[in-house]
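Before any comments, here is the structure.
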There are 2 protein chains.
Amino acid sequence: MKNITPNFTPASVNCDECPIKDRAVCAYCEKSEMALLEAMKSYKTYAAGDPIIFAGDRMVFVGSVVTGVARLSQTMEDGRKQMVGLLLPSDFVGRPGRSYSAFDVEATTDVTLCRFERKPFEKLLSDIPNLRERMLEMALDELDAAREWMLLLGRKTAREKIASLLTIIARRQNSTATVSKNDITFDLNLTREAMSEYLGLTLETVSRQINALKKDGVIRLEKKRQVHVKDFARLLAETGDDADGGFLA
Amino acid sequence: MKNITPNFTPASVNCDECPIKDRAVCAYCEKSEMALLEAMKSYKTYAAGDPIIFAGDRMVFVGSVVTGVARLSQTMEDGRKQMVGLLLPSDFVGRPGRSYSAFDVEATTDVTLCRFERKPFEKLLSDIPNLRERMLEMALDELDAAREWMLLLGRKTAREKIASLLTIIARRQNSTATVSKNDITFDLNLTREAMSEYLGLTLETVSRQINALKKDGVIRLEKKRQVHVKDFARLLAETGDDADGGFLA
DNA sequence: CGAGAACTTGACTACAATCAAAGGTAGTGG
DNA sequence: CCACTACCTTTGATTGTAGTCAAGTTCTCG
């Protein structure tokens, strides 16, 4: 569909040089354990927009996102679609112990996965405590994120949803240090439609609310996809979260 | 606040006789491992409506729901509230590795917990592979459930939300064998308000939609809190899920 | 039996969805 | 380079679903 992201050349990478080695599922593994994983890994790259796996498909591989952004979503028979997870580098794709995928996984940008055949990986998972340890930690983190998203989907207004999404994207693109600064510019690499799928809205409502925030001076749009926030606290106030929201010890 | 559920007398129970021993976090443990857990467990009962822990509170205990129903929820400053998890017998309360609770936990009915001090439990979790194994499995199951719930919250209509909740409760109360039967009766241990908090609706909308399903002959209400479904497939069709929804190998 | 909680119902409102059309923008090929 | 196409985005008009406000009824249990 599009050209492949060029800044990562899978074939040449050994695990020592892997950009996600400190956060991925293998993060707690020791040298000898890494060797086992390394022996069975293989890289595969997907172009932006391409499906990685469909809900209901047999799940032959599991793996980690090395570069790019993918999304986990669910689609109803009549076409209603809800994104249920955003997969960034180091996030895990697939569920050990289950042979069919419960969700659709699509590449949002070009994506490179570090893949393992599911069966052998499950074997390692039961053999290597460090692997299972990290897996559990990651699952619990994702569970917390999913639950925060449930509050957004169930209770927030359209305007609050947009503000929440913007703060999340702003936080992710700017360093944590930058978050406290009041003047921020960042790119939305999502279409209005992708945002609507994430937020449980229609794309028209997304467009209207973004422009409402702009009209009210909360944000400025440099380009359609580039947002400038003069007063980050103001944007935060629009999310409906309490002041210290999201910072849990 | 209320009287205590009488059909379970904690003090007298050893793990062999525990009603949740096959599904709880300890399910995969062997005799010797059970002994370690048994030595540190203690039961505590909470009356219906009582808080078990508040978001932000220091988390001293973790544990399993033995009897009753509890709920995990999040509240916004202005009072909007979203339930993010339903805790039934065998479900786990608390997150190992985190010292403060991210969510409110309340007893919906009278609830008995089998509690462990968090720190010693975390120690066992790293010592006993069977314990971690089951914990991971449960976390992954909850993650899937949370993601399914995101579809419900983001995209389903009020009627579909009610139908979905009813099927879930029906499934959990009747054995898996019974699910395939078409004639089912079950109790809603939840108030209309609790359902509304779960579904991201108001209690008035919950009431209206339940009565609409009744008027349309999808369900019958024996009592306000007891539902009879003559044709389970019919109820399933109302959820908006595809026919085989929820059955993933 | 009485009081409070839980539930239902009605009238009205509002927010977001839907339907529809028209600008914008980027990429393609003549 | 411009025209053409496809996609993305905005905007407007209208509808519809669920929320809000307000009684009123039915349960539960002390």
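By convention here, the chains of the structure tokens are called A, B, ... in the order presented, each chain's residues are numbered starting at 1, and ligands are numbered starting at 1 in the order presented.
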Give me the chain B side of the contact with chain C, cut-off 10 Å, one line per residue showing its nearest atom pair and distance in Å at one decimal, counting only C-alpha atoms (C1' of nucleotides), sorted by chain and residue number, as JSON lines.
```
{"residue": "B:Thr191", "atom": "CA", "partner": "C:DA6", "partner_atom": "C1'", "distance": 7.5}
{"residue": "B:Arg192", "atom": "CA", "partner": "C:DC7", "partner_atom": "C1'", "distance": 7.8}
{"residue": "B:Glu193", "atom": "CA", "partner": "C:DA6", "partner_atom": "C1'", "distance": 9.0}
{"residue": "B:Leu203", "atom": "CA", "partner": "C:DC7", "partner_atom": "C1'", "distance": 9.2}
{"residue": "B:Glu204", "atom": "CA", "partner": "C:DT8", "partner_atom": "C1'", "distance": 8.2}
{"residue": "B:Ser207", "atom": "CA", "partner": "C:DT8", "partner_atom": "C1'", "distance": 7.1}
{"residue": "B:Arg208", "atom": "CA", "partner": "C:DT8", "partner_atom": "C1'", "distance": 7.9}
{"residue": "B:Asn211", "atom": "CA", "partner": "C:DT8", "partner_atom": "C1'", "distance": 9.1}
{"residue": "B:Lys224", "atom": "CA", "partner": "C:DC7", "partner_atom": "C1'", "distance": 8.2}
```
Tell me, as a CSV table (one decimal) with all heavy atoms, in the first residue's frame, which residues lie within 12 Å of Val105 of chain A, counting only C-alpha atoms (C1' of nucleotides); anything in the same chain fewer than 2 positions away does not count.
```csv
chain,number,residue,atom,x,y,z
A,46,TYR,N,4.6,-4.4,8.3
A,46,TYR,CA,3.3,-4.2,7.7
A,46,TYR,C,3.2,-2.7,7.3
A,46,TYR,O,3.6,-1.8,8.0
A,46,TYR,CB,2.2,-4.5,8.7
A,46,TYR,CG,2.3,-5.9,9.2
A,46,TYR,CD1,3.1,-6.3,10.3
A,46,TYR,CD2,1.4,-6.9,8.7
A,46,TYR,CE1,3.2,-7.6,10.7
A,46,TYR,CE2,1.5,-8.2,9.2
A,46,TYR,CZ,2.4,-8.5,10.2
A,46,TYR,OH,2.4,-9.8,10.7
A,48,ALA,N,1.3,0.9,6.4
A,48,ALA,CA,0.2,1.6,7.0
A,48,ALA,C,-1.1,1.2,6.4
A,48,ALA,O,-1.2,1.2,5.2
A,48,ALA,CB,0.5,3.1,6.9
A,49,GLY,N,-2.1,1.0,7.3
A,49,GLY,CA,-3.4,0.6,6.8
A,49,GLY,C,-3.6,-0.9,6.6
A,49,GLY,O,-4.7,-1.3,6.5
A,50,ASP,N,-2.5,-1.6,6.6
A,50,ASP,CA,-2.7,-3.1,6.4
A,50,ASP,C,-3.2,-3.8,7.6
A,50,ASP,O,-2.8,-3.4,8.8
A,50,ASP,CB,-1.3,-3.7,6.0
A,50,ASP,CG,-1.0,-3.4,4.5
A,50,ASP,OD1,-1.9,-2.8,3.8
A,50,ASP,OD2,0.0,-3.9,4.0
A,51,PRO,N,-3.9,-4.8,7.5
A,51,PRO,CA,-4.4,-5.6,8.6
A,51,PRO,C,-3.2,-6.5,9.1
A,51,PRO,O,-2.4,-7.0,8.3
A,51,PRO,CB,-5.5,-6.5,8.0
A,51,PRO,CG,-5.2,-6.6,6.6
A,51,PRO,CD,-4.5,-5.3,6.2
A,52,ILE,N,-3.1,-6.7,10.4
A,52,ILE,CA,-2.1,-7.6,10.9
A,52,ILE,C,-2.7,-8.9,11.3
A,52,ILE,O,-2.2,-10.0,11.0
A,52,ILE,CB,-1.4,-7.0,12.1
A,52,ILE,CG1,-0.6,-5.7,11.7
A,52,ILE,CG2,-0.5,-8.0,12.9
A,52,ILE,CD1,0.0,-4.9,12.8
A,53,ILE,N,-3.9,-8.8,11.8
A,53,ILE,CA,-4.7,-10.0,12.0
A,53,ILE,C,-6.2,-9.6,12.2
A,53,ILE,O,-6.5,-8.6,12.7
A,53,ILE,CB,-4.2,-10.9,13.3
A,53,ILE,CG1,-4.9,-12.2,13.3
A,53,ILE,CG2,-4.5,-10.1,14.6
A,53,ILE,CD1,-4.2,-13.2,14.3
A,54,PHE,N,-7.1,-10.5,11.8
A,54,PHE,CA,-8.5,-10.2,11.9
A,54,PHE,C,-9.1,-11.0,13.1
A,54,PHE,O,-8.6,-12.1,13.5
A,54,PHE,CB,-9.3,-10.6,10.7
A,54,PHE,CG,-9.1,-9.8,9.5
A,54,PHE,CD1,-8.3,-10.2,8.4
A,54,PHE,CD2,-9.6,-8.5,9.5
A,54,PHE,CE1,-8.1,-9.4,7.3
A,54,PHE,CE2,-9.4,-7.6,8.4
A,54,PHE,CZ,-8.6,-8.1,7.3
A,55,ALA,N,-10.1,-10.4,13.7
A,55,ALA,CA,-10.8,-11.1,14.8
A,55,ALA,C,-11.3,-12.4,14.3
A,55,ALA,O,-11.9,-12.5,13.2
A,55,ALA,CB,-12.0,-10.2,15.3
A,56,GLY,N,-11.1,-13.5,15.1
A,56,GLY,CA,-11.5,-14.8,14.6
A,56,GLY,C,-10.5,-15.6,13.9
A,56,GLY,O,-10.6,-16.8,13.7
A,57,ASP,N,-9.5,-14.9,13.4
A,57,ASP,CA,-8.4,-15.6,12.7
A,57,ASP,C,-7.6,-16.5,13.6
A,57,ASP,O,-7.5,-16.2,14.8
A,57,ASP,CB,-7.4,-14.6,12.1
A,57,ASP,CG,-7.9,-14.0,10.7
A,57,ASP,OD1,-9.0,-14.4,10.3
A,57,ASP,OD2,-7.1,-13.2,10.1
A,59,MET,N,-4.5,-17.6,15.4
A,59,MET,CA,-3.4,-16.8,15.8
A,59,MET,C,-2.1,-17.7,15.8
A,59,MET,O,-1.9,-18.4,16.7
A,59,MET,CB,-3.6,-16.2,17.2
A,59,MET,CG,-2.9,-15.0,17.5
A,59,MET,SD,-3.8,-14.0,18.7
A,59,MET,CE,-4.1,-15.3,20.0
A,62,VAL,N,2.6,-14.5,17.9
A,62,VAL,CA,2.4,-13.4,18.9
A,62,VAL,C,3.7,-12.6,18.7
A,62,VAL,O,4.6,-13.0,18.0
A,62,VAL,CB,2.3,-13.9,20.3
A,62,VAL,CG1,1.1,-14.7,20.5
A,62,VAL,CG2,3.5,-14.7,20.7
A,65,VAL,N,5.5,-5.0,19.2
A,65,VAL,CA,5.7,-3.9,18.2
A,65,VAL,C,7.0,-3.3,18.4
A,65,VAL,O,7.4,-2.9,19.5
A,65,VAL,CB,4.6,-2.8,18.5
A,65,VAL,CG1,4.9,-1.6,17.5
A,65,VAL,CG2,3.2,-3.4,18.2
A,69,VAL,N,2.9,2.3,14.9
A,69,VAL,CA,1.7,2.3,15.7
A,69,VAL,C,0.7,1.4,15.1
A,69,VAL,O,0.4,1.4,13.9
A,69,VAL,CB,1.1,3.7,15.8
A,69,VAL,CG1,-0.1,3.7,16.7
A,69,VAL,CG2,2.1,4.7,16.3
A,70,ALA,N,0.1,0.5,15.9
A,70,ALA,CA,-0.9,-0.4,15.5
A,70,ALA,C,-2.1,-0.1,16.4
A,70,ALA,O,-2.0,0.5,17.4
A,70,ALA,CB,-0.5,-1.8,15.5
A,71,ARG,N,-3.3,-0.6,15.9
A,71,ARG,CA,-4.5,-0.5,16.8
A,71,ARG,C,-5.3,-1.7,16.9
A,71,ARG,O,-5.3,-2.5,15.9
A,71,ARG,CB,-5.3,0.7,16.3
A,71,ARG,CG,-5.7,0.6,14.9
A,71,ARG,CD,-6.5,1.8,14.5
A,71,ARG,NE,-6.5,2.0,13.1
A,71,ARG,CZ,-7.4,2.7,12.4
A,71,ARG,NH1,-8.4,3.2,13.1
A,71,ARG,NH2,-7.3,2.8,11.1
A,72,LEU,N,-5.8,-1.9,18.0
A,72,LEU,CA,-6.7,-3.1,18.3
A,72,LEU,C,-8.1,-2.6,18.3
A,72,LEU,O,-8.4,-1.6,18.9
A,72,LEU,CB,-6.4,-3.5,19.8
A,72,LEU,CG,-6.3,-4.9,20.2
A,72,LEU,CD1,-5.3,-5.7,19.3
A,72,LEU,CD2,-5.9,-5.0,21.6
A,73,SER,N,-8.9,-3.3,17.5
A,73,SER,CA,-10.3,-2.8,17.4
A,73,SER,C,-11.3,-3.9,17.3
A,73,SER,O,-10.9,-5.1,17.0
A,73,SER,CB,-10.5,-1.8,16.3
A,73,SER,OG,-10.2,-2.4,15.1
A,74,GLN,N,-12.5,-3.6,17.5
A,74,GLN,CA,-13.6,-4.5,17.4
A,74,GLN,C,-14.7,-3.9,16.5
A,74,GLN,O,-14.9,-2.7,16.5
A,74,GLN,CB,-14.3,-4.7,18.8
A,74,GLN,CG,-14.1,-6.1,19.3
A,74,GLN,CD,-14.7,-6.1,20.7
A,74,GLN,OE1,-14.6,-5.2,21.5
A,74,GLN,NE2,-15.3,-7.3,21.0
A,75,THR,N,-15.3,-4.7,15.6
A,75,THR,CA,-16.2,-4.2,14.7
A,75,THR,C,-17.5,-5.0,14.9
A,75,THR,O,-17.5,-6.2,15.0
A,75,THR,CB,-15.8,-4.4,13.2
A,75,THR,OG1,-14.5,-3.7,13.1
A,75,THR,CG2,-16.7,-3.7,12.3
A,82,GLN,N,-15.1,0.1,17.3
A,82,GLN,CA,-14.6,0.7,18.5
A,82,GLN,C,-13.1,0.3,18.6
A,82,GLN,O,-12.8,-0.9,18.6
A,82,GLN,CB,-15.4,0.3,19.7
A,82,GLN,CG,-14.8,0.8,21.0
A,82,GLN,CD,-14.9,2.3,21.1
A,82,GLN,OE1,-15.9,2.9,20.9
A,82,GLN,NE2,-13.8,3.0,21.4
A,83,MET,N,-12.3,1.3,18.7
A,83,MET,CA,-10.9,0.9,19.0
A,83,MET,C,-10.8,0.6,20.5
A,83,MET,O,-11.4,1.2,21.3
A,83,MET,CB,-10.0,2.1,18.7
A,83,MET,CG,-8.7,1.8,18.1
A,83,MET,SD,-7.6,3.2,17.8
A,83,MET,CE,-8.5,4.0,16.5
A,84,VAL,N,-10.0,-0.5,20.8
A,84,VAL,CA,-10.0,-0.9,22.2
A,84,VAL,C,-8.5,-0.9,22.7
A,84,VAL,O,-8.3,-1.2,23.9
A,84,VAL,CB,-10.6,-2.3,22.4
A,84,VAL,CG1,-12.1,-2.3,22.1
A,84,VAL,CG2,-9.9,-3.4,21.6
A,85,GLY,N,-7.6,-0.5,21.9
A,85,GLY,CA,-6.2,-0.5,22.3
A,85,GLY,C,-5.3,0.2,21.3
A,85,GLY,O,-5.6,0.1,20.1
A,86,LEU,N,-4.4,0.9,21.8
A,86,LEU,CA,-3.4,1.5,20.9
A,86,LEU,C,-2.1,0.8,21.2
A,86,LEU,O,-1.6,0.8,22.3
A,86,LEU,CB,-3.3,3.0,21.2
A,86,LEU,CG,-2.6,4.0,20.3
A,86,LEU,CD1,-3.3,3.9,18.9
A,86,LEU,CD2,-2.7,5.4,20.9
A,87,LEU,N,-1.5,0.3,20.1
A,87,LEU,CA,-0.2,-0.5,20.3
A,87,LEU,C,1.0,0.3,19.9
A,87,LEU,O,1.1,0.6,18.7
A,87,LEU,CB,-0.3,-1.8,19.6
A,87,LEU,CG,-1.5,-2.8,20.0
A,87,LEU,CD1,-1.6,-4.0,19.1
A,87,LEU,CD2,-1.3,-3.2,21.4
A,92,PHE,N,2.7,-5.6,23.3
A,92,PHE,CA,2.6,-7.0,22.9
A,92,PHE,C,1.3,-7.3,22.1
A,92,PHE,O,0.3,-6.7,22.4
A,92,PHE,CB,2.6,-7.9,24.2
A,92,PHE,CG,2.8,-9.4,23.9
A,92,PHE,CD1,4.0,-9.8,23.6
A,92,PHE,CD2,1.7,-10.2,23.8
A,92,PHE,CE1,4.3,-11.2,23.4
A,92,PHE,CE2,1.9,-11.6,23.5
A,92,PHE,CZ,3.2,-12.1,23.3
A,93,VAL,N,1.5,-8.0,21.0
A,93,VAL,CA,0.4,-8.4,20.2
A,93,VAL,C,0.1,-9.8,20.3
A,93,VAL,O,0.9,-10.7,20.2
A,93,VAL,CB,0.8,-8.1,18.7
A,93,VAL,CG1,-0.4,-8.5,17.8
A,93,VAL,CG2,1.1,-6.7,18.5
A,94,GLY,N,-1.2,-10.1,20.6
A,94,GLY,CA,-1.6,-11.5,20.7
A,94,GLY,C,-1.7,-12.0,22.1
A,94,GLY,O,-1.1,-11.4,23.0
A,101,SER,N,-7.8,-14.9,17.5
A,101,SER,CA,-7.7,-13.6,17.9
A,101,SER,C,-9.1,-13.0,18.3
A,101,SER,O,-10.1,-13.3,17.5
A,101,SER,CB,-7.1,-12.7,16.9
A,101,SER,OG,-7.2,-11.3,17.2
A,102,ALA,N,-9.2,-12.3,19.4
A,102,ALA,CA,-10.5,-11.8,19.7
A,102,ALA,C,-10.8,-10.4,19.1
A,102,ALA,O,-11.9,-9.9,19.0
A,102,ALA,CB,-10.6,-11.6,21.2
A,103,PHE,N,-9.7,-9.8,18.6
A,103,PHE,CA,-9.8,-8.5,18.0
A,103,PHE,C,-9.1,-8.3,16.7
A,103,PHE,O,-8.3,-9.2,16.3
A,103,PHE,CB,-9.2,-7.5,19.0
A,103,PHE,CG,-9.7,-7.6,20.4
A,103,PHE,CD1,-9.0,-8.2,21.4
A,103,PHE,CD2,-11.0,-7.1,20.7
A,103,PHE,CE1,-9.6,-8.4,22.7
A,103,PHE,CE2,-11.5,-7.2,22.0
A,103,PHE,CZ,-10.8,-7.8,23.0
A,107,ALA,N,-2.3,-2.0,11.2
A,107,ALA,CA,-1.2,-1.1,11.3
A,107,ALA,C,-1.7,0.3,11.0
A,107,ALA,O,-2.4,0.5,10.0
A,107,ALA,CB,-0.1,-1.5,10.2
A,108,THR,N,-1.5,1.2,11.9
A,108,THR,CA,-1.9,2.6,11.7
A,108,THR,C,-0.8,3.3,10.8
A,108,THR,O,-1.1,4.0,9.8
A,108,THR,CB,-2.1,3.3,13.0
A,108,THR,OG1,-3.1,2.7,13.8
A,108,THR,CG2,-2.5,4.8,12.8
A,111,VAL,N,4.4,-0.6,10.4
A,111,VAL,CA,4.7,-1.3,11.7
A,111,VAL,C,5.7,-2.4,11.5
A,111,VAL,O,5.5,-3.2,10.6
A,111,VAL,CB,3.4,-1.8,12.3
A,111,VAL,CG1,3.7,-2.8,13.5
A,111,VAL,CG2,2.5,-0.7,12.8
```
Closest atom pairs, residues of chain A within 6 Å of chain B, only C-alpha atoms, as a Markdown table:
```
| residue | atom | partner | partner_atom | distance |
| --- | --- | --- | --- | --- |
| A:Gln82 | CA | B:Leu151 | CA | 5.5 |
| A:Val84 | CA | B:Arg147 | CA | 5.6 |
| A:Leu136 | CA | B:Leu136 | CA | 5.1 |
| A:Leu143 | CA | B:Leu143 | CA | 5.2 |
| A:Arg147 | CA | B:Val84 | CA | 5.6 |
| A:Met150 | CA | B:Met150 | CA | 5.8 |
| A:Leu151 | CA | B:Gln82 | CA | 5.5 |
| A:Leu153 | CA | B:Gly154 | CA | 5.3 |
| A:Gly154 | CA | B:Gly200 | CA | 4.4 |
| A:Gly200 | CA | B:Gly154 | CA | 4.4 |
```
Pairwise distance for atom CA of Val206 of chain B and atom C1' of DA23 of chain D, rounded to one decimal in Å: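 Pair atom CA of Val206 of chain B / atom C1' of DA23 of chain D returns 18.4 Å.
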At a cut-off of 10 Å, can you tabulate as JSON lines every residue of chain D near chain B together with its closest atom pair and the distance in Å to one decimal, using only C-alpha atoms (C1' of nucleotides) and ordering rows by chain then number?
```
{"residue": "D:DT17", "atom": "C1'", "partner": "B:Thr157", "partner_atom": "CA", "distance": 8.4}
{"residue": "D:DA18", "atom": "C1'", "partner": "B:Thr205", "partner_atom": "CA", "distance": 6.9}
{"residue": "D:DG19", "atom": "C1'", "partner": "B:Thr202", "partner_atom": "CA", "distance": 7.3}
{"residue": "D:DT20", "atom": "C1'", "partner": "B:Thr202", "partner_atom": "CA", "distance": 9.7}
{"residue": "D:DT26", "atom": "C1'", "partner": "B:Lys224", "partner_atom": "CA", "distance": 9.7}
{"residue": "D:DC27", "atom": "C1'", "partner": "B:Lys224", "partner_atom": "CA", "distance": 8.8}
```
Backbone-only DSSP, strand (DSSP E or B) members of segment 37-231 of chain B, as a ChimeraX atom specification: /B:42-46,51-53,58,61-67,70-75,81-87,92-93,100,104-107,111-117,184-187,220-223,226-229
Selection: 12 Å around Glu30 of chain A, only C-alpha atoms (C1' of nucleotides), excl. self and same-chain fewer than 5 positions, as a ChimeraX atom specification: /A:15-16,21-22,35-38,128-131
For Val229 of chain B: contacts at 8 Å, only C-alpha atoms (C1' of nucleotides), fewer than 3 positions along chain excluded, given as a PyMOL selection string: chain B and resi 182-185+218-220+232+235
Those in segment 19-221 of chain A with alpha helix (DSSP H) from DSSP, as a count of residues only: 88
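Of note, atom CA of Arg159 of chain A and atom CA of Thr109 of chain A are spaced 26.2 Å apart.
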Atom CA of Pro19 of chain A to atom CA of Arg172 of chain A, distance in Å rounded to a single decimal: 17.0 Å
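Counting only C-alpha atoms and comparing B:Asp110, B:Glu238, B:Asp187, B:Glu122, the residue that lies closest to Ile162 of chain B is B:Glu238.
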